[in-house]
$ cat data.cif   # mmCIF, C-alpha atoms
data_start
loop_
_atom_site.label_atom_id
_atom_site.label_comp_id
_atom_site.auth_asym_id
_atom_site.auth_seq_id
_atom_site.Cartn_x
_atom_site.Cartn_y
_atom_site.Cartn_z
CA MET A 30 -40.45 -77.75 10.94
CA THR A 31 -39.89 -79.87 7.83
CA PHE A 32 -42.35 -82.60 6.84
CA GLU A 33 -43.00 -84.84 3.86
CA ASN A 34 -46.79 -84.58 3.62
CA ILE A 35 -47.66 -81.21 5.15
CA LEU A 36 -46.49 -77.61 4.92
CA VAL A 37 -46.27 -75.38 8.00
CA SER A 38 -45.98 -71.60 7.91
CA THR A 39 -46.23 -68.96 10.62
CA GLU A 40 -46.88 -65.24 10.50
CA GLY A 41 -47.13 -63.31 13.75
CA HIS A 42 -49.56 -65.12 16.04
CA LEU A 43 -51.02 -67.26 13.21
CA ALA A 44 -49.85 -70.66 11.97
CA THR A 45 -51.14 -72.39 8.85
CA ILE A 46 -50.84 -76.14 8.23
CA THR A 47 -51.48 -77.28 4.67
CA ILE A 48 -51.96 -80.98 3.95
CA ASN A 49 -49.88 -81.43 0.82
CA ARG A 50 -50.59 -84.68 -1.02
CA PRO A 51 -52.20 -83.28 -4.18
CA SER A 52 -51.74 -86.48 -6.22
CA LYS A 53 -53.85 -88.30 -3.58
CA LEU A 54 -56.30 -85.40 -3.10
CA ASN A 55 -54.62 -84.90 0.31
CA ALA A 56 -55.86 -88.29 1.59
CA LEU A 57 -54.85 -89.17 5.13
CA ASN A 58 -52.37 -91.99 5.51
CA LYS A 59 -50.59 -93.04 8.70
CA ALA A 60 -47.57 -90.85 7.97
CA THR A 61 -49.71 -87.74 7.38
CA ILE A 62 -51.71 -88.34 10.57
CA GLN A 63 -48.47 -88.59 12.54
CA GLU A 64 -47.01 -85.47 10.89
CA LEU A 65 -50.17 -83.51 11.65
CA HIS A 66 -49.96 -84.58 15.29
CA ASP A 67 -46.31 -83.59 15.54
CA ALA A 68 -46.85 -80.19 13.91
CA LEU A 69 -49.94 -79.40 15.97
CA ALA A 70 -48.25 -80.43 19.21
CA GLN A 71 -45.26 -78.18 18.48
CA LEU A 72 -47.48 -75.23 17.57
CA ASP A 73 -49.72 -75.75 20.62
CA ALA A 74 -46.63 -75.51 22.81
CA GLU A 75 -45.45 -72.23 21.25
CA ALA A 76 -46.61 -69.25 23.31
CA THR A 77 -46.53 -66.91 20.31
CA ILE A 78 -48.97 -68.99 18.24
CA LYS A 79 -52.54 -68.08 19.16
CA VAL A 80 -54.53 -69.56 16.23
CA ILE A 81 -53.92 -72.41 13.76
CA ILE A 82 -55.56 -72.72 10.34
CA LEU A 83 -55.74 -76.20 8.83
CA THR A 84 -56.33 -76.52 5.08
CA GLY A 85 -55.48 -78.62 2.03
CA SER A 86 -53.26 -77.89 -0.94
CA GLY A 87 -54.79 -76.97 -4.29
CA GLU A 88 -58.40 -76.11 -5.07
CA LYS A 89 -59.92 -79.59 -5.29
CA ALA A 90 -59.69 -81.08 -1.84
CA PHE A 91 -59.29 -80.32 1.84
CA VAL A 92 -58.88 -84.04 2.51
CA ALA A 93 -60.66 -86.48 0.19
CA GLY A 94 -60.64 -89.28 2.79
CA ALA A 95 -58.40 -91.90 4.30
CA ASP A 96 -55.87 -93.84 2.23
CA ILE A 97 -57.99 -96.98 1.77
CA ALA A 98 -55.16 -99.05 0.31
CA GLU A 99 -53.45 -98.90 3.72
CA PHE A 100 -56.19 -100.78 5.56
CA ALA A 101 -58.13 -102.79 2.96
CA HIS A 102 -56.76 -106.08 4.30
CA PHE A 103 -56.86 -105.32 8.04
CA SER A 104 -58.28 -107.76 10.59
CA ILE A 105 -60.92 -106.84 13.19
CA GLU A 106 -58.20 -106.13 15.76
CA GLU A 107 -56.15 -104.06 13.32
CA GLY A 108 -59.22 -102.06 12.32
CA ALA A 109 -60.09 -101.21 15.91
CA GLN A 110 -56.46 -100.30 16.61
CA LEU A 111 -56.41 -98.04 13.53
CA ALA A 112 -59.45 -96.10 14.77
CA ALA A 113 -58.27 -95.91 18.38
CA LEU A 114 -54.78 -94.70 17.49
CA GLY A 115 -56.03 -92.18 14.91
CA GLN A 116 -58.52 -90.71 17.36
CA GLU A 117 -55.90 -90.49 20.09
CA ILE A 118 -53.06 -88.88 18.15
CA LEU A 119 -55.04 -86.61 15.84
CA PHE A 120 -58.81 -86.23 16.00
CA ASP A 121 -59.34 -86.13 19.78
CA PHE A 122 -56.00 -84.34 20.10
CA VAL A 123 -57.14 -81.48 17.83
CA GLU A 124 -60.48 -81.13 19.59
CA ASN A 125 -58.80 -80.74 22.98
CA MET A 126 -55.89 -78.47 22.02
CA LYS A 127 -55.47 -75.24 23.97
CA THR A 128 -54.86 -73.32 20.73
CA PRO A 129 -57.95 -72.86 18.53
CA VAL A 130 -57.80 -74.71 15.22
CA ILE A 131 -59.95 -73.48 12.31
CA ALA A 132 -60.57 -75.78 9.33
CA ALA A 133 -60.47 -73.89 6.02
CA VAL A 134 -62.29 -76.45 3.89
CA ASN A 135 -61.13 -75.73 0.34
CA GLY A 136 -62.83 -78.55 -1.59
CA PHE A 137 -63.76 -82.17 -0.92
CA ALA A 138 -63.89 -83.13 2.77
CA LEU A 139 -64.91 -86.75 2.72
CA GLY A 140 -64.64 -89.56 5.25
CA GLY A 141 -61.59 -88.96 7.40
CA GLY A 142 -61.31 -85.51 5.84
CA LEU A 143 -64.70 -84.43 7.15
CA GLU A 144 -63.91 -86.09 10.46
CA LEU A 145 -60.71 -84.04 10.65
CA ALA A 146 -62.61 -80.83 9.85
CA MET A 147 -65.21 -81.68 12.51
CA SER A 148 -62.51 -82.20 15.13
CA CYS A 149 -61.37 -78.59 14.57
CA HIS A 150 -63.00 -75.94 16.72
CA PHE A 151 -65.01 -74.58 13.80
CA ARG A 152 -65.09 -74.66 10.01
CA ILE A 153 -65.13 -72.19 7.11
CA ALA A 154 -65.77 -73.52 3.59
CA SER A 155 -65.09 -72.40 0.06
CA ASP A 156 -68.14 -72.28 -2.18
CA ASN A 157 -66.97 -75.33 -4.15
CA ALA A 158 -66.62 -77.53 -1.04
CA LYS A 159 -68.40 -80.86 -0.83
CA MET A 160 -68.71 -82.85 2.40
CA GLY A 161 -69.78 -86.36 3.29
CA LEU A 162 -69.09 -89.64 5.07
CA PRO A 163 -69.07 -92.35 2.36
CA GLU A 164 -67.69 -95.16 4.56
CA VAL A 165 -70.76 -97.42 4.31
CA THR A 166 -70.06 -97.80 0.57
CA LEU A 167 -66.92 -99.66 1.69
CA GLY A 168 -68.72 -101.86 4.21
CA VAL A 169 -67.38 -99.93 7.18
CA ILE A 170 -68.51 -97.02 9.37
CA PRO A 171 -66.83 -93.68 10.10
CA GLY A 172 -64.07 -94.56 12.55
CA TYR A 173 -62.41 -91.25 13.38
CA GLY A 174 -65.23 -89.75 15.42
CA GLY A 175 -67.72 -89.19 12.60
CA THR A 176 -70.64 -91.01 14.21
CA GLN A 177 -70.20 -88.83 17.31
CA ARG A 178 -69.28 -85.35 16.08
CA LEU A 179 -71.63 -85.17 13.11
CA PRO A 180 -74.82 -85.59 15.21
CA GLN A 181 -73.48 -82.98 17.67
CA LEU A 182 -73.10 -80.50 14.83
CA VAL A 183 -76.08 -81.18 12.54
CA GLY A 184 -78.51 -83.19 14.69
CA LYS A 185 -79.28 -86.90 14.78
CA GLY A 186 -81.65 -87.07 11.81
CA ARG A 187 -79.41 -85.25 9.35
CA ALA A 188 -76.38 -87.18 10.57
CA MET A 189 -78.18 -90.49 10.12
CA GLU A 190 -79.19 -89.54 6.58
CA MET A 191 -75.69 -88.41 5.62
CA ILE A 192 -74.06 -91.54 7.06
CA MET A 193 -76.59 -94.04 5.71
CA THR A 194 -76.89 -92.58 2.19
CA ALA A 195 -73.12 -91.90 1.98
CA GLY A 196 -74.12 -88.79 0.05
CA MET A 197 -72.30 -85.49 -0.27
CA ILE A 198 -73.69 -82.10 0.63
CA ASP A 199 -72.55 -78.80 -0.84
CA ALA A 200 -71.15 -75.86 1.10
CA GLU A 201 -74.42 -73.93 1.40
CA THR A 202 -76.24 -77.00 2.69
CA ALA A 203 -73.40 -77.55 5.17
CA LYS A 204 -73.86 -73.97 6.35
CA ASN A 205 -77.62 -74.42 6.70
CA TYR A 206 -76.99 -77.59 8.71
CA GLY A 207 -74.56 -75.79 11.03
CA LEU A 208 -71.64 -77.93 9.87
CA VAL A 209 -69.70 -74.86 8.68
CA ASN A 210 -69.91 -71.28 9.97
CA HIS A 211 -69.27 -69.40 6.72
CA VAL A 212 -69.11 -70.02 2.97
CA VAL A 213 -66.86 -67.79 0.88
CA PRO A 214 -65.41 -67.84 -2.65
CA GLN A 215 -62.44 -70.18 -3.09
CA ALA A 216 -60.09 -67.27 -3.79
CA SER A 217 -61.09 -65.54 -0.54
CA LEU A 218 -61.05 -68.56 1.78
CA LEU A 219 -57.67 -68.13 3.43
CA GLU A 220 -57.91 -64.35 3.67
CA PHE A 221 -61.38 -64.56 5.26
CA THR A 222 -60.21 -67.25 7.70
CA GLN A 223 -57.15 -65.19 8.59
CA GLU A 224 -59.38 -62.21 9.39
CA ILE A 225 -61.37 -64.28 11.88
CA ALA A 226 -58.14 -65.73 13.27
CA ALA A 227 -56.83 -62.19 13.82
CA LYS A 228 -59.91 -61.33 15.88
CA ILE A 229 -59.35 -64.43 18.02
CA ALA A 230 -55.64 -63.63 18.44
CA LYS A 231 -56.50 -60.28 20.08
CA ASN A 232 -58.22 -62.05 22.96
CA SER A 233 -56.83 -63.79 26.04
CA PRO A 234 -55.24 -67.10 25.01
CA VAL A 235 -55.67 -68.41 28.55
CA ALA A 236 -59.37 -67.58 28.56
CA ILE A 237 -59.79 -69.14 25.11
CA SER A 238 -58.08 -72.35 26.21
CA TYR A 239 -60.43 -72.54 29.20
CA ALA A 240 -63.42 -71.83 26.93
CA ILE A 241 -62.42 -74.75 24.69
CA LYS A 242 -62.14 -76.99 27.74
CA ALA A 243 -65.50 -75.85 29.11
CA VAL A 244 -67.39 -76.25 25.83
CA ASN A 245 -65.90 -79.71 25.29
CA ALA A 246 -66.77 -80.72 28.86
CA GLY A 247 -70.44 -80.25 28.07
CA LEU A 248 -70.19 -82.82 25.29
CA MET A 249 -68.03 -85.41 27.02
CA ASP A 250 -70.87 -87.71 28.06
CA THR A 251 -70.40 -89.16 24.57
CA LYS A 252 -67.17 -90.90 25.64
CA GLU A 253 -68.90 -94.27 25.54
CA GLY A 254 -70.07 -93.41 22.04
CA PHE A 255 -66.50 -93.02 20.83
CA LYS A 256 -65.60 -96.39 22.39
CA THR A 257 -68.58 -98.00 20.67
CA GLU A 258 -67.58 -96.44 17.36
CA ILE A 259 -64.05 -97.83 17.63
CA LYS A 260 -65.33 -101.33 18.50
CA SER A 261 -67.95 -101.30 15.74
CA PHE A 262 -65.46 -99.94 13.21
CA GLY A 263 -63.13 -102.84 14.02
CA LYS A 264 -65.92 -105.43 13.69
CA CYS A 265 -66.61 -104.20 10.16
CA PHE A 266 -63.19 -105.49 9.12
CA GLY A 267 -64.33 -109.07 9.71
CA THR A 268 -67.30 -108.85 7.33
CA GLU A 269 -67.81 -109.89 3.72
CA ASP A 270 -69.26 -106.43 3.08
CA PHE A 271 -65.94 -104.82 4.01
CA LYS A 272 -63.99 -107.19 1.75
CA GLU A 273 -66.34 -106.47 -1.15
CA GLY A 274 -66.49 -102.72 -0.52
CA THR A 275 -62.76 -102.16 -0.34
CA THR A 276 -61.99 -104.57 -3.19
CA ALA A 277 -64.53 -102.81 -5.41
CA PHE A 278 -63.03 -99.42 -4.53
CA LEU A 279 -59.49 -100.54 -5.35
CA GLU A 280 -60.71 -102.21 -8.56
CA LYS A 281 -62.63 -99.04 -9.48
CA ARG A 282 -66.02 -100.75 -9.76
CA LYS A 283 -69.32 -100.54 -7.90
CA ALA A 284 -69.66 -102.78 -4.88
CA THR A 285 -72.29 -105.51 -4.76
CA PHE A 286 -73.12 -106.22 -1.14
CA PRO A 287 -74.70 -109.51 0.04
CA GLY A 288 -77.78 -109.48 2.26
CA LYS A 289 -77.75 -109.24 6.05
#
$ encode --input "data.cif" --output "structure tokens"
Amino acid sequence: MTFENILVSTEGHLATITINRPSKLNALNKATIQELHDALAQLDAEATIKVIILTGSGEKAFVAGADIAEFAHFSIEEGAQLAALGQEILFDFVENMKTPVIAAVNGFALGGGLELAMSCHFRIASDNAKMGLPEVTLGVIPGYGGTQRLPQLVGKGRAMEMIMTAGMIDAETAKNYGLVNHVVPQASLLEFTQEIAAKIAKNSPVAISYAIKAVNAGLMDTKEGFKTEIKSFGKCFGTEDFKEGTTAFLEKRKATFPGK
């Protein structure tokens, strides 16, 4: 498999996908989302691959967010379509794959990057990792499942605080919150994740696929929540706050939001 924005390697029963846009801190654009879908779909269909590790290139970022320049001028309809398509081809797709996907969070996981990590079956972080959902600073809300998966993982109160303050938390806080399972030194991240992957690979892949399905089934009463997120995300694109937030970001200045 050859891609422009990601690297794919396999060794035995383990596959590793590395998001490789270092100049953009591995930010997710449309092309990268599509490549991730294509690679994951191919690996999920391969009987020999029993575990997939998803990580970012370099030591700074897992995924620093979405590529804001791509959608700064979208309409309400285009915004809703962006969220719906992204959830369908990547975020929901990852969550419901038969093959377990572990996020090895090697630095910043912000916005769409944290949403991608949360769609994986569990997360392991390097000790320099920072996580957050800063979308409200742009006049928009998390649109790739963040308003749904974050409360499931850390509880409603902590999720509300993280989303509304747009603040980042460090790796140890993320572990205390239950957002990540383990925190390890940056240099040990992949090796540690591979060790856990090897333990998983020894077990029945059929049973694991059914376990994923069963665990997810217990959380699926949030389907309406995902629909509401998509609709609300789209509505944000018709607001003055969104215009100001994205313009300020692209102009590298602080946003000044009008009142309600």
$ atom_distance --input "data.cif" --atom1 "CA of Lys53 (chain A)" --atom2 "CA of Leu179 (chain A)"
24.6 Å
$ axis_aligned_box --input "data.cif" --around "region 170-177 of chain A" --padding-each-side "6 Å" --output "JSON"
{"center_x": -66.5, "center_y": -92.9, "center_z": 13.3, "size_x": 20.2, "size_y": 20.2, "size_z": 19.9}
$ atom_distance --input "data.cif" --atom1 "CA of His102 (chain A)" --atom2 "CA of Glu144 (chain A)"
22.1 Å
$ resolve_selection --input "data.cif" --expression "the PyMOL selection byres ((chain A and resi 197) around 10)" --output "PyMOL selection string"
chain A and resi 137-139+158-163+191-192+194-196+198-200+202-203
$ residues_around --input "data.cif" --residues "Arg178 (chain A)" --least-positions-apart "6" --cutoff "10 Å" --atoms "all atoms listed in the file" --output "list in words"
Glu144, Met147, Ser148, Gly184, Ala188, Leu208, Leu248, Thr251 and Phe255 of chain A
$ residues_around --input "data.cif" --residues "Thr166 (chain A)" --least-positions-apart "2" --cutoff "9 Å" --atoms "all atoms listed in the file" --output "PyMOL selection string"
chain A and resi 163-164+168-170+194-195+271+274-275+278+283-284
$ closest_residue --input "data.cif" --among "A:Thr222, A:Thr276, A:Ser155, A:Gln116" --to "Lys256 (chain A)" --atoms "only C-alpha atoms"
A:Gln116
$ closest_residue --input "data.cif" --among "A:Pro129, A:Pro51, A:Pro214, A:Gly263" --to "Ala113 (chain A)" --atoms "all atoms listed in the file"
A:Gly263
$ closest_residue --input "data.cif" --among "A:Thr268, A:Thr128, A:Ser261, A:Asn157" --to "Val235 (chain A)" --atoms "all atoms listed in the file"
A:Thr128
$ atom_distance --input "data.cif" --atom1 "CA of Ala133 (chain A)" --atom2 "CA of Thr84 (chain A)"
5.0 Å
$ resolve_selection --input "data.cif" --expression "the PyMOL selection byres ((chain A and resi 108) around 10)" --output "list in words"
Phe100, Ala101, His102, Phe103, Ser104, Ile105, Glu106, Glu107, Ala109, Gln110, Leu111, Ala112, Ala113, Val169, Gly172, Ile259, Lys260, Ser261, Phe262, Gly263, Lys264, Cys265, Phe266 and Gly267 of chain A
$ resolve_selection --input "data.cif" --expression "the PyMOL selection byres ((chain A and resi 34-39) around 8)" --output "PyMOL selection string"
chain A and resi 30-33+40-50+60-61+64-65+68
$ residues_around --input "data.cif" --residues "Lys59 (chain A)" --least-positions-apart "3" --cutoff "9 Å" --atoms "only C-alpha atoms" --output "NGL selection string"
:A and (62-64 or 96 or 99 or 115)
$ closest_residue --input "data.cif" --among "A:Leu83, A:Val165, A:Leu72, A:Ala95" --to "Phe286 (chain A)" --atoms "all atoms listed in the file"
A:Val165
$ residues_around --input "data.cif" --residues "Lys242 (chain A)" --least-positions-apart "2" --cutoff "12 Å" --atoms "only C-alpha atoms" --output "VMD selection string"
chain A and resid 123 to 129 150 235 to 240 244 to 249
$ decode --input "data.cif" --residues "region 112-123 of chain A" --atoms "all heavy atoms" --output "PDB file, in the first residue's frame"
ATOM      1  N   ALA A 112     -18.925  16.848   8.552  1.00  0.00           N
ATOM      2  CA  ALA A 112     -18.975  16.033   9.767  1.00  0.00           C
ATOM      3  C   ALA A 112     -19.553  14.652   9.480  1.00  0.00           C
ATOM      4  O   ALA A 112     -19.007  13.636   9.934  1.00  0.00           O
ATOM      5  CB  ALA A 112     -19.796  16.744  10.837  1.00  0.00           C
ATOM      6  N   ALA A 113     -20.645  14.607   8.722  1.00  0.00           N
ATOM      7  CA  ALA A 113     -21.300  13.329   8.449  1.00  0.00           C
ATOM      8  C   ALA A 113     -20.390  12.395   7.659  1.00  0.00           C
ATOM      9  O   ALA A 113     -20.271  11.201   7.988  1.00  0.00           O
ATOM     10  CB  ALA A 113     -22.599  13.566   7.681  1.00  0.00           C
ATOM     11  N   LEU A 114     -19.720  12.923   6.639  1.00  0.00           N
ATOM     12  CA  LEU A 114     -18.853  12.094   5.809  1.00  0.00           C
ATOM     13  C   LEU A 114     -17.628  11.633   6.597  1.00  0.00           C
ATOM     14  O   LEU A 114     -17.235  10.463   6.526  1.00  0.00           O
ATOM     15  CB  LEU A 114     -18.412  12.868   4.564  1.00  0.00           C
ATOM     16  CG  LEU A 114     -17.580  12.088   3.545  1.00  0.00           C
ATOM     17  CD1 LEU A 114     -18.372  10.900   2.994  1.00  0.00           C
ATOM     18  CD2 LEU A 114     -17.136  13.002   2.394  1.00  0.00           C
ATOM     19  N   GLY A 115     -17.037  12.544   7.379  1.00  0.00           N
ATOM     20  CA  GLY A 115     -15.866  12.175   8.175  1.00  0.00           C
ATOM     21  C   GLY A 115     -16.184  11.089   9.180  1.00  0.00           C
ATOM     22  O   GLY A 115     -15.426  10.133   9.350  1.00  0.00           O
ATOM     23  N   GLN A 116     -17.333  11.226   9.845  1.00  0.00           N
ATOM     24  CA  GLN A 116     -17.731  10.202  10.815  1.00  0.00           C
ATOM     25  C   GLN A 116     -17.951   8.863  10.128  1.00  0.00           C
ATOM     26  O   GLN A 116     -17.531   7.819  10.623  1.00  0.00           O
ATOM     27  CB  GLN A 116     -18.993  10.644  11.561  1.00  0.00           C
ATOM     28  CG  GLN A 116     -18.741  11.763  12.566  1.00  0.00           C
ATOM     29  CD  GLN A 116     -19.906  11.988  13.500  1.00  0.00           C
ATOM     30  OE1 GLN A 116     -20.700  11.089  13.747  1.00  0.00           O
ATOM     31  NE2 GLN A 116     -20.011  13.189  14.036  1.00  0.00           N
ATOM     32  N   GLU A 117     -18.589   8.897   8.959  1.00  0.00           N
ATOM     33  CA  GLU A 117     -18.915   7.653   8.274  1.00  0.00           C
ATOM     34  C   GLU A 117     -17.668   6.924   7.789  1.00  0.00           C
ATOM     35  O   GLU A 117     -17.524   5.710   8.011  1.00  0.00           O
ATOM     36  CB  GLU A 117     -19.825   7.943   7.068  1.00  0.00           C
ATOM     37  CG  GLU A 117     -20.191   6.699   6.275  1.00  0.00           C
ATOM     38  CD  GLU A 117     -21.005   7.017   5.033  1.00  0.00           C
ATOM     39  OE1 GLU A 117     -21.496   8.164   4.905  1.00  0.00           O
ATOM     40  OE2 GLU A 117     -21.149   6.119   4.184  1.00  0.00           O
ATOM     41  N   ILE A 118     -16.749   7.646   7.128  1.00  0.00           N
ATOM     42  CA  ILE A 118     -15.641   6.947   6.481  1.00  0.00           C
ATOM     43  C   ILE A 118     -14.444   6.722   7.393  1.00  0.00           C
ATOM     44  O   ILE A 118     -13.595   5.885   7.100  1.00  0.00           O
ATOM     45  CB  ILE A 118     -15.178   7.645   5.179  1.00  0.00           C
ATOM     46  CG1 ILE A 118     -14.510   8.989   5.485  1.00  0.00           C
ATOM     47  CG2 ILE A 118     -16.317   7.794   4.200  1.00  0.00           C
ATOM     48  CD1 ILE A 118     -13.848   9.604   4.252  1.00  0.00           C
ATOM     49  N   LEU A 119     -14.379   7.445   8.527  1.00  0.00           N
ATOM     50  CA  LEU A 119     -13.220   7.228   9.396  1.00  0.00           C
ATOM     51  C   LEU A 119     -13.587   6.970  10.842  1.00  0.00           C
ATOM     52  O   LEU A 119     -13.319   5.890  11.366  1.00  0.00           O
ATOM     53  CB  LEU A 119     -12.250   8.421   9.305  1.00  0.00           C
ATOM     54  CG  LEU A 119     -10.962   8.262  10.117  1.00  0.00           C
ATOM     55  CD1 LEU A 119     -10.181   7.012   9.707  1.00  0.00           C
ATOM     56  CD2 LEU A 119     -10.078   9.498   9.997  1.00  0.00           C
ATOM     57  N   PHE A 120     -14.190   7.917  11.520  1.00  0.00           N
ATOM     58  CA  PHE A 120     -14.312   7.832  12.979  1.00  0.00           C
ATOM     59  C   PHE A 120     -15.255   6.700  13.415  1.00  0.00           C
ATOM     60  O   PHE A 120     -14.883   5.878  14.258  1.00  0.00           O
ATOM     61  CB  PHE A 120     -14.743   9.191  13.541  1.00  0.00           C
ATOM     62  CG  PHE A 120     -13.751  10.277  13.223  1.00  0.00           C
ATOM     63  CD1 PHE A 120     -13.792  10.946  12.013  1.00  0.00           C
ATOM     64  CD2 PHE A 120     -12.740  10.600  14.112  1.00  0.00           C
ATOM     65  CE1 PHE A 120     -12.860  11.928  11.694  1.00  0.00           C
ATOM     66  CE2 PHE A 120     -11.801  11.575  13.806  1.00  0.00           C
ATOM     67  CZ  PHE A 120     -11.856  12.238  12.592  1.00  0.00           C
ATOM     68  N   ASP A 121     -16.450   6.653  12.856  1.00  0.00           N
ATOM     69  CA  ASP A 121     -17.349   5.527  13.169  1.00  0.00           C
ATOM     70  C   ASP A 121     -16.797   4.226  12.596  1.00  0.00           C
ATOM     71  O   ASP A 121     -16.963   3.158  13.177  1.00  0.00           O
ATOM     72  CB  ASP A 121     -18.743   5.781  12.598  1.00  0.00           C
ATOM     73  CG  ASP A 121     -19.489   6.885  13.332  1.00  0.00           C
ATOM     74  OD1 ASP A 121     -19.000   7.337  14.385  1.00  0.00           O
ATOM     75  OD2 ASP A 121     -20.562   7.301  12.848  1.00  0.00           O
ATOM     76  N   PHE A 122     -16.139   4.333  11.442  1.00  0.00           N
ATOM     77  CA  PHE A 122     -15.571   3.147  10.793  1.00  0.00           C
ATOM     78  C   PHE A 122     -14.536   2.483  11.705  1.00  0.00           C
ATOM     79  O   PHE A 122     -14.551   1.264  11.900  1.00  0.00           O
ATOM     80  CB  PHE A 122     -14.940   3.549   9.457  1.00  0.00           C
ATOM     81  CG  PHE A 122     -14.362   2.396   8.686  1.00  0.00           C
ATOM     82  CD1 PHE A 122     -15.181   1.595   7.910  1.00  0.00           C
ATOM     83  CD2 PHE A 122     -13.005   2.105   8.739  1.00  0.00           C
ATOM     84  CE1 PHE A 122     -14.654   0.517   7.202  1.00  0.00           C
ATOM     85  CE2 PHE A 122     -12.471   1.039   8.037  1.00  0.00           C
ATOM     86  CZ  PHE A 122     -13.298   0.238   7.264  1.00  0.00           C
ATOM     87  N   VAL A 123     -13.632   3.299  12.273  1.00  0.00           N
ATOM     88  CA  VAL A 123     -12.599   2.758  13.174  1.00  0.00           C
ATOM     89  C   VAL A 123     -13.247   2.083  14.379  1.00  0.00           C
ATOM     90  O   VAL A 123     -12.894   0.961  14.746  1.00  0.00           O
ATOM     91  CB  VAL A 123     -11.644   3.872  13.646  1.00  0.00           C
ATOM     92  CG1 VAL A 123     -10.708   3.363  14.745  1.00  0.00           C
ATOM     93  CG2 VAL A 123     -10.830   4.398  12.470  1.00  0.00           C
TER      94      VAL A 123
END
